[in-house]
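K.L.:
To start, I am sharing the structure in question, which I have written as structure tokens.
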Amino acid sequence: MSYRILVTGGCGFIGSHYVRYLLNHHPDIEVINADALKYSANPLNLVDMEEDPRYIFAQVDLADERQVRSLFRREIHEVVHFAAESHVDRSIRETRHFILSNIVATHHLLEEARQAKHLERMVHVSTDEVYGSVPQGRTREEAPLSPGNPYSATKAGSDLLCMAYHNTYGLNVTITRCTNNYGPNQHPEKMIPRFILNALQDRPLPVYGSGLQQRDWIHVEDHCAAVDRIRRQGKPGEVYHIGSEHTVPNMEIARMILSIMDKPESLLQRVSDRPGHDFRYSLSTEKIRSQLSWSPRIPLEKGLADTVAWFRKQTRWLHTFDEGEPESGGYEGSYR
């Protein structure tokens, strides 16, 4: 029997990169990709893995308890839980979907995980947004949670459920909290892809409010390497931060993209700020660096240039998305 890892949300942006990371770095494992194939998922993200006999796809809605129970009829040794609704603007408009996808679905997964006979560990992938805005300095893992929008509130709820299952049932679960990701395959509703795609068409780049909001950006490949290090070496019941420890204003990201693409700054367009917009996120990553010897490898400048180059070539991939998404003329992007 192969050693089997269940990855939830494996057709999404980060999940698909992690499925590929596992298959490329661990030849002795089998991966089950459980994905509901909602709007942000794209099977093309893993088209290159479809012929790998170690890769199994299962269309599963984790919010459906019966489907999750059926999934665990297979022998599963580890779970890495990426599946979540993650677009902040959507969470403001459609809160119920986020409660179902991020809290109820996680509860169903935890229930099956704690009863699975062969399960050795679970990694729950979360976000820096659960801490709310960080005016200065860097947040450590023991800081209190203070989510500022419906998306981050549902992620905080799922984090607390995971910790409760560790404390109550002894489930071997570890939580990762990462800063903003970017890279190939990211959904066009997100900030960096939206900026790149608009610039390619000489359309305005919509920047919320002042554009001075700060985010810590990490390339998705660095994130995947960190999650895998935590999966293999992290301690049960612990939280680990993942990030680059380098915050950059959103307006500066927009300018960097325009510079890479040789486009004029006249394309910058300030738009009304969104409700409850956290001003700054920043995580301390001292714990993962010192205890697990991980650090990011891809500098922001190189990562952005590579990402721009990837999007320039993706005509087929982009056509799989509804041109009407996101709303507000395609300018309503998230900074996740």
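Every chain in the structure tokens has a letter given in the order shown (A, B, ...), and although residue numbers restart at 1 in each chain, ligands are simply numbered from 1 in the order shown.
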Which residues are close to Asp216 (chain A), i.e. within 10 Å by only C-alpha atoms, leaving aside same-chain residues fewer than 6 positions away? Reply as a PyMOL selection string.

P.N.:
chain A and resi 128+178-181+243-250+280-283+300

K.L.:
What parts of region 74-273 of chain A does DSSP call strand (DSSP E)? I'd like the answer as number ranges by chain.

P.N.:
A: 78-81, 121-127, 173-178, 180-182, 205-208, 214-219, 239-242, 247-249, 268-271

K.L.:
Output N, CA and C atoms of each residue in that selection to a file, as a tab-separated table (two decimals), in the first residue's frame.

P.N.:
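Written out: again_6.tsv:
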chain	number	residue	atom	x	y	z
A	78	GLU	N	-1.96	11.12	5.71
A	78	GLU	CA	-1.78	12.52	6.08
A	78	GLU	C	-2.79	13.37	5.32
A	79	VAL	N	-3.14	14.51	5.92
A	79	VAL	CA	-4.03	15.49	5.28
A	79	VAL	C	-3.33	16.84	5.29
A	80	VAL	N	-3.33	17.51	4.14
A	80	VAL	CA	-2.87	18.90	4.06
A	80	VAL	C	-4.07	19.70	3.52
A	81	HIS	N	-4.61	20.55	4.36
A	81	HIS	CA	-5.91	21.19	4.11
A	81	HIS	C	-5.74	22.62	3.60
A	121	ARG	N	-1.07	12.49	10.63
A	121	ARG	CA	-1.00	13.92	10.92
A	121	ARG	C	-1.86	14.71	9.94
A	122	MET	N	-2.14	15.95	10.33
A	122	MET	CA	-2.90	16.88	9.48
A	122	MET	C	-2.25	18.25	9.58
A	123	VAL	N	-2.16	18.92	8.45
A	123	VAL	CA	-1.67	20.30	8.40
A	123	VAL	C	-2.82	21.18	7.91
A	124	HIS	N	-3.13	22.19	8.67
A	124	HIS	CA	-4.20	23.13	8.32
A	124	HIS	C	-3.54	24.43	7.86
A	125	VAL	N	-3.81	24.82	6.61
A	125	VAL	CA	-3.17	25.98	6.01
A	125	VAL	C	-4.05	27.21	6.22
A	126	SER	N	-3.50	28.20	6.92
A	126	SER	CA	-4.27	29.39	7.27
A	126	SER	C	-3.58	30.66	6.76
A	127	THR	N	-3.88	31.79	7.37
A	127	THR	CA	-3.49	33.09	6.82
A	127	THR	C	-3.06	34.07	7.90
A	173	VAL	N	-2.43	17.72	14.65
A	173	VAL	CA	-2.69	18.77	13.66
A	173	VAL	C	-1.76	19.94	13.92
A	174	THR	N	-1.24	20.49	12.85
A	174	THR	CA	-0.36	21.66	12.90
A	174	THR	C	-0.96	22.74	12.01
A	175	ILE	N	-0.81	23.99	12.40
A	175	ILE	CA	-1.38	25.11	11.65
A	175	ILE	C	-0.26	25.95	11.05
A	176	THR	N	-0.41	26.29	9.77
A	176	THR	CA	0.51	27.24	9.14
A	176	THR	C	-0.26	28.53	8.85
A	177	ARG	N	0.39	29.65	9.03
A	177	ARG	CA	-0.19	30.95	8.68
A	177	ARG	C	0.80	31.68	7.80
A	178	CYS	N	0.37	31.98	6.59
A	178	CYS	CA	1.27	32.55	5.59
A	178	CYS	C	0.83	33.95	5.20
A	180	ASN	N	0.86	37.03	2.04
A	180	ASN	CA	0.28	37.03	0.69
A	180	ASN	C	1.13	36.26	-0.31
A	181	ASN	N	0.48	35.38	-1.06
A	181	ASN	CA	1.14	34.59	-2.10
A	181	ASN	C	0.97	35.23	-3.47
A	182	TYR	N	1.89	34.92	-4.36
A	182	TYR	CA	1.78	35.30	-5.77
A	182	TYR	C	2.53	34.26	-6.59
A	205	LEU	N	-4.88	50.12	-13.64
A	205	LEU	CA	-4.62	49.23	-12.52
A	205	LEU	C	-5.31	49.82	-11.30
A	206	PRO	N	-6.40	49.18	-10.79
A	206	PRO	CA	-7.17	49.75	-9.68
A	206	PRO	C	-6.46	49.56	-8.35
A	207	VAL	N	-6.16	50.63	-7.67
A	207	VAL	CA	-5.47	50.58	-6.38
A	207	VAL	C	-6.42	51.13	-5.32
A	208	TYR	N	-6.71	50.31	-4.31
A	208	TYR	CA	-7.64	50.73	-3.27
A	208	TYR	C	-7.10	51.92	-2.47
A	214	GLN	N	0.13	47.93	3.35
A	214	GLN	CA	1.35	47.13	3.23
A	214	GLN	C	1.06	45.63	3.37
A	215	ARG	N	1.68	44.85	2.50
A	215	ARG	CA	1.58	43.39	2.54
A	215	ARG	C	2.98	42.79	2.42
A	216	ASP	N	3.12	41.60	2.97
A	216	ASP	CA	4.37	40.83	2.89
A	216	ASP	C	4.13	39.74	1.84
A	217	TRP	N	4.82	39.82	0.71
A	217	TRP	CA	4.58	38.91	-0.41
A	217	TRP	C	5.59	37.78	-0.43
A	218	ILE	N	5.10	36.57	-0.70
A	218	ILE	CA	5.96	35.39	-0.81
A	218	ILE	C	5.55	34.60	-2.05
A	219	HIS	N	6.55	34.11	-2.78
A	219	HIS	CA	6.27	33.31	-3.96
A	219	HIS	C	5.65	31.98	-3.55
A	239	VAL	N	1.71	26.30	15.86
A	239	VAL	CA	1.46	27.22	14.75
A	239	VAL	C	2.81	27.69	14.22
A	240	TYR	N	2.95	27.71	12.89
A	240	TYR	CA	4.17	28.20	12.26
A	240	TYR	C	3.83	29.28	11.24
A	241	HIS	N	4.56	30.39	11.31
A	241	HIS	CA	4.39	31.47	10.34
A	241	HIS	C	5.29	31.25	9.13
A	242	ILE	N	4.78	31.68	7.97
A	242	ILE	CA	5.53	31.60	6.72
A	242	ILE	C	5.46	32.97	6.05
A	247	THR	N	7.65	43.90	4.09
A	247	THR	CA	6.37	44.48	3.70
A	247	THR	C	6.57	45.55	2.63
A	248	VAL	N	5.62	45.58	1.68
A	248	VAL	CA	5.69	46.49	0.55
A	248	VAL	C	4.32	47.14	0.35
A	249	PRO	N	4.24	48.46	0.17
A	249	PRO	CA	2.95	49.10	-0.10
A	249	PRO	C	2.34	48.60	-1.42
A	268	LEU	N	-2.05	53.80	-13.41
A	268	LEU	CA	-2.46	53.68	-12.01
A	268	LEU	C	-3.77	54.42	-11.79
A	269	GLN	N	-4.71	53.78	-11.12
A	269	GLN	CA	-6.01	54.40	-10.87
A	269	GLN	C	-6.44	54.11	-9.44
A	270	ARG	N	-6.59	55.12	-8.63
A	270	ARG	CA	-7.10	54.93	-7.27
A	270	ARG	C	-8.61	54.73	-7.32
A	271	VAL	N	-9.08	53.73	-6.57
A	271	VAL	CA	-10.52	53.46	-6.48
A	271	VAL	C	-10.91	53.47	-5.01

K.L.:
Any idea what the distance is between CA of Pro144 (chain A) and CA of Glu129 (chain A)?

P.N.:
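It comes out at 11.8 Å.
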
K.L.:
For Arg255 (chain A), list every protein, DNA or RNA residue within 9 Å, evaluated using only C-alpha atoms, and leave out those in the same chain fewer than 4 positions away; present the list as a list of chain:residue names.

P.N.:
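The contact residues come out as A:Asn250, A:Met251, A:Ser259, A:Ile260, A:Pro264, A:Glu265, A:Leu268.
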
K.L.:
Next, the residues of the selection above should be written as a PDB file, in the first residue's frame with all heavy atoms.

P.N.:
ATOM      1  N   ASN A 250       1.027  48.503  -1.460  1.00  0.00           N
ATOM      2  CA  ASN A 250       0.355  48.031  -2.665  1.00  0.00           C
ATOM      3  C   ASN A 250       0.673  48.890  -3.887  1.00  0.00           C
ATOM      4  O   ASN A 250       0.825  48.381  -5.000  1.00  0.00           O
ATOM      5  CB  ASN A 250      -1.156  47.991  -2.436  1.00  0.00           C
ATOM      6  CG  ASN A 250      -1.557  46.941  -1.423  1.00  0.00           C
ATOM      7  OD1 ASN A 250      -0.894  45.921  -1.273  1.00  0.00           O
ATOM      8  ND2 ASN A 250      -2.650  47.191  -0.718  1.00  0.00           N
ATOM      9  N   MET A 251       0.779  50.201  -3.678  1.00  0.00           N
ATOM     10  CA  MET A 251       1.098  51.081  -4.792  1.00  0.00           C
ATOM     11  C   MET A 251       2.476  50.762  -5.359  1.00  0.00           C
ATOM     12  O   MET A 251       2.695  50.835  -6.581  1.00  0.00           O
ATOM     13  CB  MET A 251       1.035  52.546  -4.352  1.00  0.00           C
ATOM     14  CG  MET A 251       1.279  53.540  -5.480  1.00  0.00           C
ATOM     15  SD  MET A 251      -0.008  53.516  -6.753  1.00  0.00           S
ATOM     16  CE  MET A 251      -1.299  54.476  -5.931  1.00  0.00           C
ATOM     17  N   SER A 259       6.764  48.749 -14.270  1.00  0.00           N
ATOM     18  CA  SER A 259       8.155  48.877 -14.684  1.00  0.00           C
ATOM     19  C   SER A 259       8.626  47.618 -15.409  1.00  0.00           C
ATOM     20  O   SER A 259       9.281  47.703 -16.463  1.00  0.00           O
ATOM     21  CB  SER A 259       9.036  49.144 -13.464  1.00  0.00           C
ATOM     22  OG  SER A 259      10.405  49.177 -13.827  1.00  0.00           O
ATOM     23  N   ILE A 260       8.303  46.435 -14.850  1.00  0.00           N
ATOM     24  CA  ILE A 260       8.690  45.170 -15.484  1.00  0.00           C
ATOM     25  C   ILE A 260       8.103  45.074 -16.885  1.00  0.00           C
ATOM     26  O   ILE A 260       8.747  44.604 -17.829  1.00  0.00           O
ATOM     27  CB  ILE A 260       8.235  43.984 -14.613  1.00  0.00           C
ATOM     28  CG1 ILE A 260       9.047  43.932 -13.317  1.00  0.00           C
ATOM     29  CG2 ILE A 260       8.367  42.662 -15.380  1.00  0.00           C
ATOM     30  CD1 ILE A 260       8.478  42.986 -12.274  1.00  0.00           C
ATOM     31  N   PRO A 264       3.362  52.742 -18.679  1.00  0.00           N
ATOM     32  CA  PRO A 264       3.411  54.042 -17.998  1.00  0.00           C
ATOM     33  C   PRO A 264       2.640  54.041 -16.675  1.00  0.00           C
ATOM     34  O   PRO A 264       1.640  53.325 -16.527  1.00  0.00           O
ATOM     35  CB  PRO A 264       2.737  54.981 -18.997  1.00  0.00           C
ATOM     36  CG  PRO A 264       1.785  54.106 -19.750  1.00  0.00           C
ATOM     37  CD  PRO A 264       2.484  52.775 -19.872  1.00  0.00           C
ATOM     38  N   GLU A 265       3.100  54.845 -15.729  1.00  0.00           N
ATOM     39  CA  GLU A 265       2.414  54.950 -14.449  1.00  0.00           C
ATOM     40  C   GLU A 265       1.078  55.681 -14.559  1.00  0.00           C
ATOM     41  O   GLU A 265       0.302  55.708 -13.604  1.00  0.00           O
ATOM     42  CB  GLU A 265       3.314  55.639 -13.415  1.00  0.00           C
ATOM     43  CG  GLU A 265       4.502  54.792 -13.014  1.00  0.00           C
ATOM     44  CD  GLU A 265       5.186  55.286 -11.745  1.00  0.00           C
ATOM     45  OE1 GLU A 265       4.666  56.261 -11.130  1.00  0.00           O
ATOM     46  OE2 GLU A 265       6.218  54.705 -11.369  1.00  0.00           O
ATOM     47  N   LEU A 268      -2.048  53.805 -13.406  1.00  0.00           N
ATOM     48  CA  LEU A 268      -2.457  53.676 -12.011  1.00  0.00           C
ATOM     49  C   LEU A 268      -3.771  54.424 -11.793  1.00  0.00           C
ATOM     50  O   LEU A 268      -3.924  55.570 -12.207  1.00  0.00           O
ATOM     51  CB  LEU A 268      -1.380  54.233 -11.075  1.00  0.00           C
ATOM     52  CG  LEU A 268      -0.034  53.500 -11.089  1.00  0.00           C
ATOM     53  CD1 LEU A 268       0.995  54.278 -10.285  1.00  0.00           C
ATOM     54  CD2 LEU A 268      -0.189  52.085 -10.542  1.00  0.00           C
TER      55      LEU A 268
END

K.L.:
Excluding Glu30 (chain A) and residues on its chain fewer than 5 positions from it, collect all residues at most 7 Å away from it, counting only C-alpha atoms, and give them as number ranges by chain.

P.N.:
A: 2-5, 54-55

K.L.:
From the set A:Ser70, A:Gln59, A:Asn149, A:Gln233, which residue has the shortest atom-to-atom contact distance to Glu112 (chain A), counting only C-alpha atoms?

P.N.:
A:Ser70

K.L.:
Please report the interatomic distance between CA of Ser295 (chain A) and CA of Glu142 (chain A) in Å with one decimal.

P.N.:
20.2 Å

K.L.:
Do you know which residues are at most 8 Å from His118 (chain A) counting only C-alpha atoms, after dropping those on the same chain fewer than 5 positions away, and could you put them as a PyMOL selection string?

P.N.:
chain A and resi 75-77

K.L.:
Please list as a list in words every residue within 9 Å of Gly157 (chain A), counting only C-alpha atoms and excluding residues in the same chain fewer than 5 positions away.

P.N.:
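Selected residues are Asn102, Ile103, Ser152 and Cys162 of chain A.
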
K.L.:
Please determine, counting only C-alpha atoms, which residue among A:Asp52, A:Gly237, A:Thr307, A:Leu318 has the shortest atom-to-atom distance to Pro27 (chain A).

P.N.:
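Counting only C-alpha atoms, the residue closest to Pro27 (chain A) is A:Asp52.
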
K.L.:
What does the structure give for the distance between CA of Leu62 (chain A) and CA of Asn172 (chain A), in Å to one decimal?

P.N.:
19.9 Å

K.L.:
Need the shell around Val88 (chain A): protein/DNA/RNA residues with any atom at most 10 Å away, counting only C-alpha atoms. Skip same-chain ones fewer than 3 positions apart. Format as a PyMOL selection string?

P.N.:
chain A and resi 85+91-95+98+149-152+190+274-277+333-336

K.L.:
Return the single residue from A:Glu238, A:Glu120, A:Glu141, A:Glu189 that is closest to Arg90 (chain A), with distances computed using only C-alpha atoms.

P.N.:
A:Glu189

K.L.:
As a ChimeraX atom specification, which residues of region 115-293 of chain A does DSSP assign to alpha helix (DSSP H)?

P.N.:
/A:115,150-169,191-200,220-233,250-260,286-292
